[in-house]
Amino acid sequence: MKMHQYRTQIRERHLDSFGHVNNAQYLVLFEEARWEMITSRGYGMKEVHETKIGTVILSCSVKFKRELSLREWITIETELVSIDKKIGIIQHRILKEDGKIAAEAEFQMGCFDLKERKLIQPTEQWLRAINGD
């Protein structure tokens, strides 16, 4: 299982009235990282629309460890840690420039048939995009 890294900068749209990243924006950042990962592995929006097979998030848990601030550069690490039948677990870590962990998240997800609107067994192409092999 291959780790993917996505580097980005905290922007004004991520901030709340306290001047730091709003908790809901972490989910947006994690989703950006997942899209970058699968797109870089040949399974972007075009392939999702063509195959009618994508990823659905079933649950998530986030631990906030350190504050993120405006214009700060971060790296989001994304990795599939397990998959059992139709359900997989992806972990994310947001690293600050000094390498300290700002947040950790675990997402339970599945391979989703967009026509039938149900979970299906992962296809080889979808697994390659999620797994990195």
# chains A, B, ... in the order shown; residues from 1 in each chain; ligands from 1
>>> select_by_dssp(residues="chain A", states="alpha helix (DSSP H)", output="PyMOL selection string")
chain A and resi 23-40+45-51+124-131
>>> write_last_selection(atoms="C-alpha atoms", output="tab-separated table (two decimals), in the first residue's frame")
chain	number	residue	atom	x	y	z
A	23	ASN	CA	-12.82	22.08	11.64
A	24	ALA	CA	-15.08	21.51	8.61
A	25	GLN	CA	-12.31	22.69	6.28
A	26	TYR	CA	-10.15	19.76	7.34
A	27	LEU	CA	-12.66	17.48	5.59
A	28	VAL	CA	-12.33	19.63	2.45
A	29	LEU	CA	-8.55	19.37	2.60
A	30	PHE	CA	-8.70	15.59	3.08
A	31	GLU	CA	-11.03	15.27	0.09
A	32	GLU	CA	-8.70	17.37	-2.07
A	33	ALA	CA	-5.86	15.02	-1.10
A	34	ARG	CA	-7.92	11.93	-1.99
A	35	TRP	CA	-8.86	13.38	-5.41
A	36	GLU	CA	-5.21	14.26	-6.08
A	37	MET	CA	-4.21	10.73	-5.13
A	38	ILE	CA	-6.66	8.87	-7.36
A	39	THR	CA	-6.32	11.35	-10.24
A	40	SER	CA	-2.53	11.00	-10.20
A	45	MET	CA	-13.36	12.56	-12.43
A	46	LYS	CA	-13.33	11.56	-16.11
A	47	GLU	CA	-12.90	7.87	-15.24
A	48	VAL	CA	-15.52	8.05	-12.48
A	49	HIS	CA	-18.06	9.44	-14.97
A	50	GLU	CA	-17.10	6.93	-17.68
A	51	THR	CA	-17.19	3.84	-15.46
A	124	GLU	CA	-9.04	-3.59	-10.40
A	125	GLN	CA	-8.80	-0.04	-11.77
A	126	TRP	CA	-10.40	1.45	-8.64
A	127	LEU	CA	-8.13	-0.62	-6.35
A	128	ARG	CA	-5.02	0.59	-8.21
A	129	ALA	CA	-6.12	4.20	-7.70
A	130	ILE	CA	-6.78	3.69	-3.98
A	131	ASN	CA	-3.89	1.34	-3.27
>>> select_by_dssp(residues="range 16-119 of chain A", states="strand (DSSP E)", output="PyMOL selection string")
chain A and resi 53-64+73-84+87-95+101-113+118-119
>>> write_last_selection(atoms="C-alpha atoms", output="CSV table (one decimal), in the first residue's frame")
chain,number,residue,atom,x,y,z
A,53,ILE,CA,-17.9,3.7,-10.3
A,54,GLY,CA,-16.5,5.9,-7.5
A,55,THR,CA,-15.7,6.1,-3.8
A,56,VAL,CA,-18.3,6.7,-1.1
A,57,ILE,CA,-17.3,7.7,2.4
A,58,LEU,CA,-19.1,5.7,5.1
A,59,SER,CA,-17.6,7.3,8.2
A,60,CYS,CA,-14.7,9.5,9.4
A,61,SER,CA,-12.9,10.4,12.6
A,62,VAL,CA,-10.6,13.4,12.9
A,63,LYS,CA,-8.1,14.2,15.7
A,64,PHE,CA,-6.9,17.8,15.8
A,73,TRP,CA,2.3,25.2,3.8
A,74,ILE,CA,1.2,21.7,4.7
A,75,THR,CA,1.6,18.1,3.4
A,76,ILE,CA,-1.3,15.7,3.5
A,77,GLU,CA,-0.3,12.0,3.6
A,78,THR,CA,-2.9,9.6,2.4
A,79,GLU,CA,-2.7,5.8,2.6
A,80,LEU,CA,-5.0,2.8,2.3
A,81,VAL,CA,-4.4,0.8,5.5
A,82,SER,CA,-6.8,-2.1,4.9
A,83,ILE,CA,-9.5,-3.4,2.7
A,84,ASP,CA,-11.9,-6.2,3.5
A,87,ILE,CA,-15.0,-1.7,2.8
A,88,GLY,CA,-11.6,0.0,3.1
A,89,ILE,CA,-9.9,2.2,5.6
A,90,ILE,CA,-7.9,5.3,4.5
A,91,GLN,CA,-5.7,7.3,6.9
A,92,HIS,CA,-4.7,10.9,6.4
A,93,ARG,CA,-2.1,12.9,8.3
A,94,ILE,CA,-1.6,16.7,7.9
A,95,LEU,CA,2.0,17.6,8.5
A,101,ILE,CA,1.4,16.3,12.9
A,102,ALA,CA,-1.5,18.9,12.8
A,103,ALA,CA,-4.3,16.4,12.3
A,104,GLU,CA,-4.9,12.7,11.8
A,105,ALA,CA,-8.0,11.2,10.2
A,106,GLU,CA,-9.4,7.8,9.5
A,107,PHE,CA,-12.1,7.3,6.8
A,108,GLN,CA,-14.1,4.2,6.1
A,109,MET,CA,-15.0,4.0,2.5
A,110,GLY,CA,-16.3,1.7,-0.3
A,111,CYS,CA,-16.4,1.3,-4.0
A,112,PHE,CA,-19.8,2.6,-5.1
A,113,ASP,CA,-21.8,1.9,-8.3
A,118,LYS,CA,-24.9,0.6,-3.9
A,119,LEU,CA,-21.6,-0.7,-2.7
>>> atom_distance(atom1="CA of Lys2 in chain A", atom2="CA of Gly99 in chain A")
19.4 Å
>>> residues_around(residues="Leu114 in chain A", least_positions_apart="2", cutoff="6 Å", atoms="only C-alpha atoms", output="PyMOL selection string")
chain A and resi 52-53+116-117
>>> write_last_selection(atoms="N, CA and C atoms", output="PDB file, in the first residue's frame")
ATOM      1  N   LYS A  52     -18.866   4.945 -14.104  1.00  0.00           N
ATOM      2  CA  LYS A  52     -19.997   5.039 -13.154  1.00  0.00           C
ATOM      3  C   LYS A  52     -19.675   4.327 -11.849  1.00  0.00           C
ATOM      4  N   ILE A  53     -18.360   4.321 -11.503  1.00  0.00           N
ATOM      5  CA  ILE A  53     -17.903   3.708 -10.260  1.00  0.00           C
ATOM      6  C   ILE A  53     -16.991   4.709  -9.560  1.00  0.00           C
ATOM      7  N   GLU A 116     -26.417   1.809  -9.852  1.00  0.00           N
ATOM      8  CA  GLU A 116     -27.216   0.984  -8.943  1.00  0.00           C
ATOM      9  C   GLU A 116     -27.354   1.600  -7.551  1.00  0.00           C
ATOM     10  N   ARG A 117     -26.480   2.593  -7.250  1.00  0.00           N
ATOM     11  CA  ARG A 117     -26.500   3.299  -5.958  1.00  0.00           C
ATOM     12  C   ARG A 117     -26.264   2.346  -4.793  1.00  0.00           C
TER      13      ARG A 117
END
>>> closest_residue(among="A:Val21, A:Arg11, A:Gln121, A:Gly132", to="Leu68 in chain A", atoms="only C-alpha atoms")
A:Val21
>>> atom_distance(atom1="CA of Ile10 in chain A", atom2="CA of Arg71 in chain A")
4.9 Å
